[in-house]
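> See start36.pdb below, with PDB, C-alpha atoms.
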ATOM      1  CA  MET A  18      -4.216  21.473  -8.599
ATOM      2  CA  SER A  19      -2.180  22.065 -11.751
ATOM      3  CA  ARG A  20      -1.079  25.615 -11.674
ATOM      4  CA  ARG A  21       0.255  25.875 -15.209
ATOM      5  CA  ARG A  22      -2.085  24.198 -17.520
ATOM      6  CA  SER A  23      -0.954  25.926 -20.664
ATOM      7  CA  ARG A  24       2.621  24.667 -20.700
ATOM      8  CA  ILE A  25       3.869  21.433 -19.286
ATOM      9  CA  SER A  26       7.034  22.438 -17.520
ATOM     10  CA  GLU A  27      10.172  20.426 -17.701
ATOM     11  CA  GLU A  28      10.509  20.053 -13.963
ATOM     12  CA  GLU A  29       7.033  18.630 -13.549
ATOM     13  CA  ILE A  30       7.871  16.005 -16.099
ATOM     14  CA  ASN A  31      11.201  15.261 -14.479
ATOM     15  CA  GLU A  32       9.555  14.876 -11.124
ATOM     16  CA  LEU A  33       7.025  12.424 -12.449
ATOM     17  CA  ILE A  34       9.701  10.573 -14.341
ATOM     18  CA  SER A  35      11.800  10.147 -11.234
ATOM     19  CA  LYS A  36       8.736   8.905  -9.416
ATOM     20  CA  LEU A  37       8.175   6.330 -12.123
ATOM     21  CA  GLN A  38      11.812   5.420 -12.038
ATOM     22  CA  SER A  39      11.548   4.505  -8.394
ATOM     23  CA  LEU A  40       8.669   2.169  -9.186
ATOM     24  CA  VAL A  41       9.971   0.252 -12.156
ATOM     25  CA  PRO A  42      12.449  -2.307 -10.852
ATOM     26  CA  GLU A  43      14.645  -2.430 -13.944
ATOM     27  CA  SER A  44      15.666   1.183 -13.858
ATOM     28  CA  ARG A  45      15.990   1.087 -10.098
ATOM     29  CA  ARG A  46      18.513  -1.673 -10.343
ATOM     30  CA  CYS A  47      20.641   0.063 -12.951
ATOM     31  CA  GLY A  48      21.081   2.898 -10.518
ATOM     32  CA  SER A  49      21.239   5.482 -13.267
ATOM     33  CA  ASN A  50      20.221   8.718 -11.740
ATOM     34  CA  ARG A  51      19.166  10.515 -14.867
ATOM     35  CA  ALA A  52      17.890   7.814 -17.144
ATOM     36  CA  SER A  53      16.598   9.133 -20.406
ATOM     37  CA  ALA A  54      12.875   9.587 -20.437
ATOM     38  CA  THR A  55      12.319   7.431 -23.494
ATOM     39  CA  LYS A  56      14.166   4.530 -21.981
ATOM     40  CA  LEU A  57      12.208   4.867 -18.788
ATOM     41  CA  LEU A  58       8.927   4.944 -20.685
ATOM     42  CA  LYS A  59       9.909   1.821 -22.514
ATOM     43  CA  GLU A  60      10.822   0.087 -19.259
ATOM     44  CA  THR A  61       7.527   1.203 -17.769
ATOM     45  CA  CYS A  62       5.564  -0.250 -20.667
ATOM     46  CA  ASN A  63       7.464  -3.517 -20.405
ATOM     47  CA  TYR A  64       6.919  -3.683 -16.688
ATOM     48  CA  ILE A  65       3.194  -3.066 -16.974
ATOM     49  CA  LYS A  66       2.955  -5.707 -19.655
ATOM     50  CA  SER A  67       4.795  -8.239 -17.536
ATOM     51  CA  LEU A  68       2.593  -7.474 -14.532
ATOM     52  CA  GLN A  69      -0.520  -7.941 -16.620
ATOM     53  CA  ARG A  70       0.825 -11.209 -17.955
ATOM     54  CA  GLU A  71       1.468 -12.336 -14.416
ATOM     55  CA  VAL A  72      -2.100 -11.477 -13.429
ATOM     56  CA  ASP A  73      -3.389 -13.457 -16.405
ATOM     57  CA  ASP A  74      -1.254 -16.396 -15.423
ATOM     58  CA  LEU A  75      -2.476 -16.224 -11.847
ATOM     59  CA  SER A  76      -6.079 -16.042 -13.016
ATOM     60  CA  ASP A  77      -5.498 -19.193 -15.008
ATOM     61  CA  ARG A  78      -4.136 -20.992 -11.986
ATOM     62  CA  LEU A  79      -6.891 -19.703  -9.740
ATOM     63  CA  SER A  80      -9.573 -20.813 -12.147
ATOM     64  CA  ASP A  81      -7.974 -24.245 -12.331
ATOM     65  CA  LEU A  82      -7.935 -24.473  -8.574
ATOM     66  CA  MET A  83     -11.507 -23.327  -8.405
ATOM     67  CA  ALA A  84     -12.460 -25.923 -10.972
ATOM     68  CA  GLY A  85     -11.005 -28.510  -8.633
ATOM     69  CA  MET A  86     -13.465 -27.312  -6.058
ATOM     70  CA  ASP A  87     -16.315 -28.861  -7.902
ATOM     71  CA  ASN A  88     -15.391 -32.345  -6.837
ATOM     72  CA  ASN A  89     -16.697 -33.757  -3.646
ATOM     73  CA  SER A  90     -13.592 -34.187  -1.599
ATOM     74  CA  ALA A  91     -12.454 -33.073   1.779
ATOM     75  CA  GLN A  92     -10.043 -30.631   0.190
ATOM     76  CA  ALA A  93     -12.811 -29.125  -1.895
ATOM     77  CA  ASP A  94     -14.812 -28.719   1.299
ATOM     78  CA  ILE A  95     -11.995 -26.758   2.859
ATOM     79  CA  ILE A  96     -11.673 -24.510  -0.166
ATOM     80  CA  ARG A  97     -15.377 -23.964  -0.277
ATOM     81  CA  SER A  98     -15.521 -23.037   3.363
ATOM     82  CA  LEU A  99     -12.620 -20.666   2.855
ATOM     83  CA  LEU A 100     -14.355 -18.930  -0.004
ATOM     84  CA  SER A 101     -17.683 -18.694   1.721
ATOM     85  CA  SER A 102     -16.547 -17.421   5.083
TER
ATOM     86  CA  MET B  12     -16.234  -5.600   8.625
ATOM     87  CA  GLU B  13     -18.082  -2.446   9.693
ATOM     88  CA  ALA B  14     -15.160  -1.301  11.811
ATOM     89  CA  GLU B  15     -12.849  -1.715   8.880
ATOM     90  CA  SER B  16     -15.112   0.207   6.547
ATOM     91  CA  SER B  17     -15.495   3.082   8.999
ATOM     92  CA  THR B  18     -11.746   3.370   9.483
ATOM     93  CA  SER B  19     -11.276   3.151   5.765
ATOM     94  CA  ASN B  20     -13.758   5.998   5.435
ATOM     95  CA  GLN B  21     -11.625   8.022   7.793
ATOM     96  CA  GLN B  22      -8.597   7.056   5.803
ATOM     97  CA  ARG B  23     -10.287   8.175   2.632
ATOM     98  CA  LYS B  24     -11.196  11.552   4.158
ATOM     99  CA  ARG B  25      -7.640  11.968   5.386
ATOM    100  CA  LYS B  26      -6.265  11.111   2.004
ATOM    101  CA  ARG B  27      -8.651  13.403   0.198
ATOM    102  CA  SER B  28      -7.772  16.383   2.412
ATOM    103  CA  ALA B  29      -4.088  15.623   1.968
ATOM    104  CA  SER B  30      -4.445  15.509  -1.778
ATOM    105  CA  GLU B  31      -6.300  18.782  -1.860
ATOM    106  CA  SER B  32      -3.569  20.608  -0.018
ATOM    107  CA  SER B  33      -0.549  19.331  -1.929
ATOM    108  CA  ALA B  34       0.540  16.560  -4.223
ATOM    109  CA  LYS B  35      -1.164  13.219  -3.792
ATOM    110  CA  PRO B  36       0.330  11.050  -1.050
ATOM    111  CA  ALA B  37       1.513   8.484  -3.486
ATOM    112  CA  GLN B  38       3.934   6.590  -1.355
ATOM    113  CA  SER B  39       1.499   4.930   0.985
ATOM    114  CA  THR B  40      -1.208   4.006  -1.483
ATOM    115  CA  TRP B  41      -1.474   0.377  -2.435
ATOM    116  CA  ARG B  42       1.254  -0.541  -0.019
ATOM    117  CA  THR B  43      -0.519  -0.570   3.332
ATOM    118  CA  ASP B  44      -1.668  -3.759   5.001
ATOM    119  CA  LYS B  45      -5.156  -2.405   5.339
ATOM    120  CA  GLU B  46      -5.511  -1.941   1.616
ATOM    121  CA  HIS B  47      -4.058  -5.358   1.040
ATOM    122  CA  ARG B  48      -6.643  -6.909   3.334
ATOM    123  CA  LEU B  49      -9.396  -4.853   1.763
ATOM    124  CA  TYR B  50      -8.448  -5.979  -1.689
ATOM    125  CA  SER B  51      -8.103  -9.598  -0.616
ATOM    126  CA  SER B  52     -11.585  -9.670   0.818
ATOM    127  CA  LYS B  53     -13.041  -8.030  -2.280
ATOM    128  CA  LEU B  54     -11.153 -10.513  -4.388
ATOM    129  CA  LEU B  55     -12.626 -13.408  -2.438
ATOM    130  CA  GLU B  56     -16.104 -11.965  -2.842
ATOM    131  CA  ALA B  57     -15.606 -11.568  -6.551
ATOM    132  CA  LEU B  58     -14.288 -15.097  -6.894
ATOM    133  CA  ARG B  59     -17.252 -16.401  -4.979
ATOM    134  CA  ARG B  60     -19.532 -14.673  -7.461
ATOM    135  CA  VAL B  61     -17.595 -16.145 -10.370
ATOM    136  CA  ARG B  62     -17.976 -19.562  -8.888
ATOM    137  CA  SER B  63     -21.676 -19.296  -8.244
ATOM    138  CA  GLY B  64     -22.251 -17.659 -11.595
ATOM    139  CA  SER B  65     -20.663 -20.370 -13.663
ATOM    140  CA  GLY B  66     -22.598 -23.154 -12.009
ATOM    141  CA  SER B  67     -21.255 -26.301 -10.456
ATOM    142  CA  SER B  68     -20.895 -28.657 -13.373
ATOM    143  CA  SER B  69     -20.316 -27.214 -16.784
ATOM    144  CA  PRO B  70     -17.416 -28.756 -18.640
ATOM    145  CA  ARG B  71     -16.915 -25.924 -21.087
ATOM    146  CA  THR B  72     -16.299 -23.193 -18.567
ATOM    147  CA  ASP B  73     -12.547 -23.443 -18.213
ATOM    148  CA  PRO B  74     -11.277 -20.799 -20.685
ATOM    149  CA  PRO B  75     -14.088 -18.309 -20.030
ATOM    150  CA  ARG B  76     -13.696 -18.918 -16.318
ATOM    151  CA  SER B  77     -10.104 -17.773 -16.268
ATOM    152  CA  ARG B  78     -11.189 -14.721 -18.188
ATOM    153  CA  ALA B  79     -13.961 -14.213 -15.635
ATOM    154  CA  VAL B  80     -11.456 -14.561 -12.804
ATOM    155  CA  ARG B  81      -9.196 -11.962 -14.424
ATOM    156  CA  GLU B  82     -12.079  -9.564 -14.904
ATOM    157  CA  ALA B  83     -13.313 -10.096 -11.361
ATOM    158  CA  ALA B  84      -9.848  -9.426  -9.974
ATOM    159  CA  ASP B  85      -9.541  -6.278 -12.084
ATOM    160  CA  ARG B  86     -12.936  -5.087 -11.003
ATOM    161  CA  ALA B  87     -12.085  -5.689  -7.339
ATOM    162  CA  LEU B  88      -8.858  -3.764  -7.868
ATOM    163  CA  ALA B  89     -10.692  -0.877  -9.502
ATOM    164  CA  ILE B  90     -13.198  -0.766  -6.672
ATOM    165  CA  SER B  91     -10.384  -0.665  -4.149
ATOM    166  CA  ALA B  92      -9.126   2.475  -5.845
ATOM    167  CA  ARG B  93     -12.284   4.200  -4.597
ATOM    168  CA  GLY B  94     -12.657   6.327  -7.678
ATOM    169  CA  ARG B  95      -9.422   8.176  -7.188
ATOM    170  CA  THR B  96      -7.925   7.360 -10.538
ATOM    171  CA  ARG B  97      -9.001   7.348 -14.152
ATOM    172  CA  TRP B  98      -7.885   3.834 -14.904
ATOM    173  CA  SER B  99     -10.043   2.422 -12.124
ATOM    174  CA  ARG B 100     -13.083   4.332 -13.303
ATOM    175  CA  ALA B 101     -12.396   3.187 -16.856
ATOM    176  CA  ILE B 102     -12.273  -0.459 -15.780
ATOM    177  CA  LEU B 103     -15.562  -0.192 -13.927
ATOM    178  CA  SER B 104     -17.391   1.683 -16.655
ATOM    179  CA  SER B 105     -16.129  -0.428 -19.520
ATOM    180  CA  ARG B 106     -17.102  -3.663 -17.815
ATOM    181  CA  SER B 107     -20.636  -2.589 -17.174
ATOM    182  CA  ILE B 108     -21.316  -0.921 -20.478
ATOM    183  CA  LYS B 109     -19.288  -3.246 -22.728
ATOM    184  CA  LEU B 110     -19.298  -0.923 -25.688
ATOM    185  CA  LYS B 111     -15.620  -1.288 -26.398
ATOM    186  CA  SER B 112     -16.087  -3.209 -29.606
ATOM    187  CA  ASN B 113     -18.775  -0.858 -30.828
ATOM    188  CA  ARG B 114     -16.800   2.305 -30.415
ATOM    189  CA  ILE B 115     -16.227   4.016 -33.741
ATOM    190  CA  ARG B 116     -12.708   5.162 -34.337
ATOM    191  CA  VAL B 117     -12.758   8.864 -35.045
ATOM    192  CA  PRO B 118      -9.824   9.855 -37.274
ATOM    193  CA  CYS B 119      -7.686  12.649 -35.872
ATOM    194  CA  PRO B 120      -8.479  16.033 -37.413
ATOM    195  CA  ALA B 121      -5.847  17.145 -39.887
ATOM    196  CA  ARG B 122      -3.411  19.630 -38.459
ATOM    197  CA  PRO B 123      -2.978  22.969 -40.210
ATOM    198  CA  LYS B 124       0.222  23.138 -42.196
ATOM    199  CA  ARG B 125       3.062  24.967 -40.531
ATOM    200  CA  THR B 126       4.562  28.088 -41.928
ATOM    201  CA  GLU B 127       8.237  28.224 -42.954
ATOM    202  CA  LEU B 128       9.098  30.173 -39.852
ATOM    203  CA  GLU B 129       7.561  27.618 -37.576
ATOM    204  CA  ARG B 130       9.319  24.828 -39.344
ATOM    205  CA  ILE B 131      12.672  26.509 -38.930
ATOM    206  CA  GLN B 132      11.989  27.154 -35.296
ATOM    207  CA  SER B 133      10.959  23.613 -34.640
ATOM    208  CA  ALA B 134      13.958  22.195 -36.443
ATOM    209  CA  ALA B 135      16.302  24.184 -34.260
ATOM    210  CA  ASP B 136      14.485  23.211 -31.100
ATOM    211  CA  GLN B 137      16.005  20.001 -29.795
ATOM    212  CA  GLU B 138      13.390  19.515 -27.171
ATOM    213  CA  LYS B 139      10.599  19.338 -29.694
ATOM    214  CA  LYS B 140      12.336  16.426 -31.353
ATOM    215  CA  LYS B 141      12.751  14.610 -28.092
ATOM    216  CA  SER B 142       9.150  15.232 -27.224
ATOM    217  CA  VAL B 143       7.991  13.589 -30.441
ATOM    218  CA  VAL B 144       9.747  10.391 -29.484
ATOM    219  CA  LEU B 145       8.403  10.736 -25.990
ATOM    220  CA  GLN B 146       4.914  11.183 -27.371
ATOM    221  CA  SER B 147       5.027   7.958 -29.325
ATOM    222  CA  LYS B 148       6.190   6.082 -26.247
ATOM    223  CA  ALA B 149       3.567   7.832 -24.191
ATOM    224  CA  LYS B 150       0.942   6.670 -26.638
ATOM    225  CA  VAL B 151       1.989   3.063 -26.100
ATOM    226  CA  LEU B 152       1.786   3.609 -22.374
ATOM    227  CA  GLY B 153      -1.631   5.174 -22.759
ATOM    228  CA  ARG B 154      -2.868   2.087 -24.521
ATOM    229  CA  LEU B 155      -1.659  -0.161 -21.733
ATOM    230  CA  VAL B 156      -3.269   1.694 -18.871
ATOM    231  CA  PRO B 157      -7.038   1.449 -19.232
ATOM    232  CA  GLY B 158      -8.835   4.655 -20.004
ATOM    233  CA  CYS B 159      -5.741   6.738 -20.530
ATOM    234  CA  LYS B 160      -5.437   7.092 -24.260
ATOM    235  CA  LYS B 161      -5.934  10.817 -24.471
ATOM    236  CA  LEU B 162      -4.373  12.191 -21.340
ATOM    237  CA  SER B 163      -1.783  14.871 -20.979
ATOM    238  CA  PHE B 164       1.704  13.649 -20.322
ATOM    239  CA  PRO B 165       1.978  14.398 -16.608
ATOM    240  CA  THR B 166      -1.468  12.988 -15.916
ATOM    241  CA  LEU B 167      -0.607   9.877 -17.858
ATOM    242  CA  LEU B 168       2.546   9.395 -15.809
ATOM    243  CA  GLU B 169       0.601   9.782 -12.596
ATOM    244  CA  GLU B 170      -2.019   7.282 -13.701
ATOM    245  CA  ALA B 171       0.682   4.874 -14.794
ATOM    246  CA  SER B 172       2.548   5.025 -11.511
ATOM    247  CA  ASP B 173      -0.655   4.425  -9.568
ATOM    248  CA  TYR B 174      -1.628   1.602 -11.902
ATOM    249  CA  ILE B 175       1.752  -0.062 -11.464
ATOM    250  CA  LYS B 176       1.449  -0.022  -7.706
ATOM    251  CA  ALA B 177      -2.080  -1.379  -7.866
ATOM    252  CA  LEU B 178      -0.993  -4.143 -10.209
ATOM    253  CA  GLU B 179       1.809  -5.098  -7.863
ATOM    254  CA  MET B 180      -0.648  -5.415  -5.030
ATOM    255  CA  GLN B 181      -2.966  -7.449  -7.228
ATOM    256  CA  VAL B 182      -0.151  -9.832  -8.106
ATOM    257  CA  LYS B 183       0.827 -10.193  -4.482
ATOM    258  CA  ALA B 184      -2.719 -10.889  -3.324
ATOM    259  CA  MET B 185      -3.530 -13.301  -6.109
ATOM    260  CA  SER B 186      -0.315 -15.255  -5.740
ATOM    261  CA  ALA B 187      -0.853 -15.538  -1.995
ATOM    262  CA  LEU B 188      -4.354 -16.824  -2.594
ATOM    263  CA  THR B 189      -3.136 -19.235  -5.242
ATOM    264  CA  GLU B 190      -0.472 -20.536  -2.912
ATOM    265  CA  ILE B 191      -2.964 -21.132  -0.120
ATOM    266  CA  LEU B 192      -5.438 -22.879  -2.385
ATOM    267  CA  SER B 193      -2.807 -25.034  -4.006
ATOM    268  CA  MET B 194      -1.425 -26.027  -0.645
ATOM    269  CA  ILE B 195      -4.872 -27.064   0.473
ATOM    270  CA  GLY B 196      -5.581 -28.827  -2.766
ATOM    271  CA  GLY B 197      -2.235 -30.557  -3.278
ATOM    272  CA  GLY B 198      -0.799 -30.988   0.151
ATOM    273  CA  THR B 199       2.495 -32.338  -1.169
ATOM    274  CA  GLU B 200       4.305 -29.062  -1.609
ATOM    275  CA  GLY B 201       6.122 -29.237   1.681
ATOM    276  CA  ALA B 202       3.160 -28.013   3.661
ATOM    277  CA  PRO B 203       2.785 -29.482   7.134
ATOM    278  CA  GLY B 204       0.967 -32.758   7.020
ATOM    279  CA  MET B 205      -2.086 -31.542   8.869
ATOM    280  CA  VAL B 206      -4.134 -31.005   5.766
ATOM    281  CA  GLN B 207      -3.424 -34.449   4.421
ATOM    282  CA  ASP B 208      -4.323 -36.083   7.700
ATOM    283  CA  ALA B 209      -7.368 -33.898   8.102
ATOM    284  CA  GLY B 210      -9.135 -35.683   5.296
ATOM    285  CA  ALA B 211     -11.412 -37.268   7.830
ATOM    286  CA  GLY B 212     -13.187 -33.980   8.300
ATOM    287  CA  THR B 213     -11.558 -32.189  11.170
ATOM    288  CA  ASN B 214     -11.083 -28.676   9.896
ATOM    289  CA  SER B 215      -7.661 -27.922  11.234
ATOM    290  CA  MET B 216      -6.939 -25.015   8.953
ATOM    291  CA  PRO B 217      -3.891 -22.877   9.602
ATOM    292  CA  PRO B 218      -4.822 -19.507  11.102
ATOM    293  CA  PRO B 219      -5.087 -16.757   8.504
ATOM    294  CA  ALA B 220      -1.868 -14.814   8.245
TER
END
As a first step, turn the structure in this file into structure tokens.


Amino acid sequence: MSRRRSRISEEEINELISKLQSLVPESRRCGSNRASATKLLKETCNYIKSLQREVDDLSDRLSDLMAGMDNNSAQADIIRSLLSS
Amino acid sequence: MEAESSTSNQQRKRKRSASESSAKPAQSTWRTDKEHRLYSSKLLEALRRVRSGSGSSSPRTDPPRSRAVREAADRALAISARGRTRWSRAILSSRSIKLKSNRIRVPCPARPKRTELERIQSAADQEKKKSVVLQSKAKVLGRLVPGCKKLSFPTLLEEASDYIKALEMQVKAMSALTEILSMIGGGTEGAPGMVQDAGAGTNSMPPPA
């Protein structure tokens, strides 16, 4: 798959960087066509960190909601049936 | 479920043949509805296991449970990757083996000292300087994406872009699930009153979207 393994060519890197740039919302919004690679890497790291924080936060909320399932209420019944279908 | 798995098998074969011929078809991965549904069902399965594993009444389970939910969601995400990427394989292998804390840090071997000529050449080369800064940033990125600490730069970028898309899907699926469960549980968030009135036992659940 990688034709030149000995030397990482500049254009391969640029291609991957532009691909990353289209993913990370911050750099997409700025509209800068040729953002510097370091800045883009920093934005990427920040974005990944914020996504992971969001997942952690959502896990917290989900576990709270699941803890509420342990009561015997009609709502807990609905949640239980949803999770066991 | 069988029909879905057979079509997803076909999809996997299509994707694998496409990736063999040219660059990986990165645009459609993690964005299709099918993958979203696949991940959501795996997520529900994993959550079910978390729930049955922790037992029905144990007061101390709240902090470890959120950790268990996070790990279950990550594992479901890694499974949905179907072994295509390093980060997914790293998540699956590290969870099962759990040797992360026991790994001994091997110090990097000392580099041979450069000759004068090489030093002069490297000082004049602007790109080398830029690549040093890039390398330090790339190292940070490699620490964030699981299993990618020692990858080459282009591979690391590929793994990172795939990981970002997977994380976005994970966030979307988990927030949708959270919203549904909180609407069922609370019922005062502006949801239609059918859940509140259905407390008598008639399961009038809204059809799955």

> Around the point (8.7, 9.1, -11.9), in the coordinates given by the file, pick out the residues reaching within 12 Å, counting all atoms listed in the file, and return them as a PyMOL selection string.

(chain A and resi 28-41+44-45+50-54+57-58+60-61) or (chain B and resi 37-38+164-173+175)

> Would you mind telling me which residue in A:Ala84, A:Cys62, A:Leu68, A:Ala91 lies nearest to Val80 in chain B when using all atoms listed in the file?

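That would be A:Ala84, the residue with the smallest distance to Val80 in chain B.
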
> Sort by chain and increasing residue number a table of all residues of chain A within 6 Å of chain B, each with its closest pair of atoms and their distance in Å to one decimal, counting all atoms listed in the file, and write it as CSV.


residue,atom,partner,partner_atom,distance
A:Leu37,CA,B:Ser172,CA,5.8
A:Thr55,CA,B:Leu145,CA,5.7
A:Cys62,CA,B:Leu152,CA,5.7
A:Val72,CA,B:Val182,CA,5.9
A:Ser76,CA,B:Arg81,CA,5.3
A:Asp77,CA,B:Ser77,CA,5.0
A:Leu79,CA,B:Thr189,CA,5.9
A:Ser80,CA,B:Ser77,CA,5.1
A:Ala91,CA,B:Gly210,CA,5.5
A:Gln92,CA,B:Gly196,CA,5.6

> Could you tell me how far CA of Ser51 in chain B sits from CA of Met83 in chain A, in Å to one decimal place?

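Taking CA of Met83 in chain A as the start and CA of Ser51 in chain B as the end point, the length is 16.1 Å.
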
> For CA of Arg97 in chain B and CA of Lys160 in chain B, determine how far apart the two atoms are, in Å to one decimal place.

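If I compute the distance from CA of Arg97 in chain B to CA of Lys160 in chain B, I get 10.7 Å.
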
> Hey, can you check how far CA of Ser99 in chain B sits from CA of Cys159 in chain B?

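Taking CA of Ser99 in chain B as the start and CA of Cys159 in chain B as the end point, the length is 10.4 Å.
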
> So, counting all atoms listed in the file, which residue among B:Glu46, B:Ile102, B:Arg93, B:Lys53 is closest to Pro157 in chain B?

B:Ile102
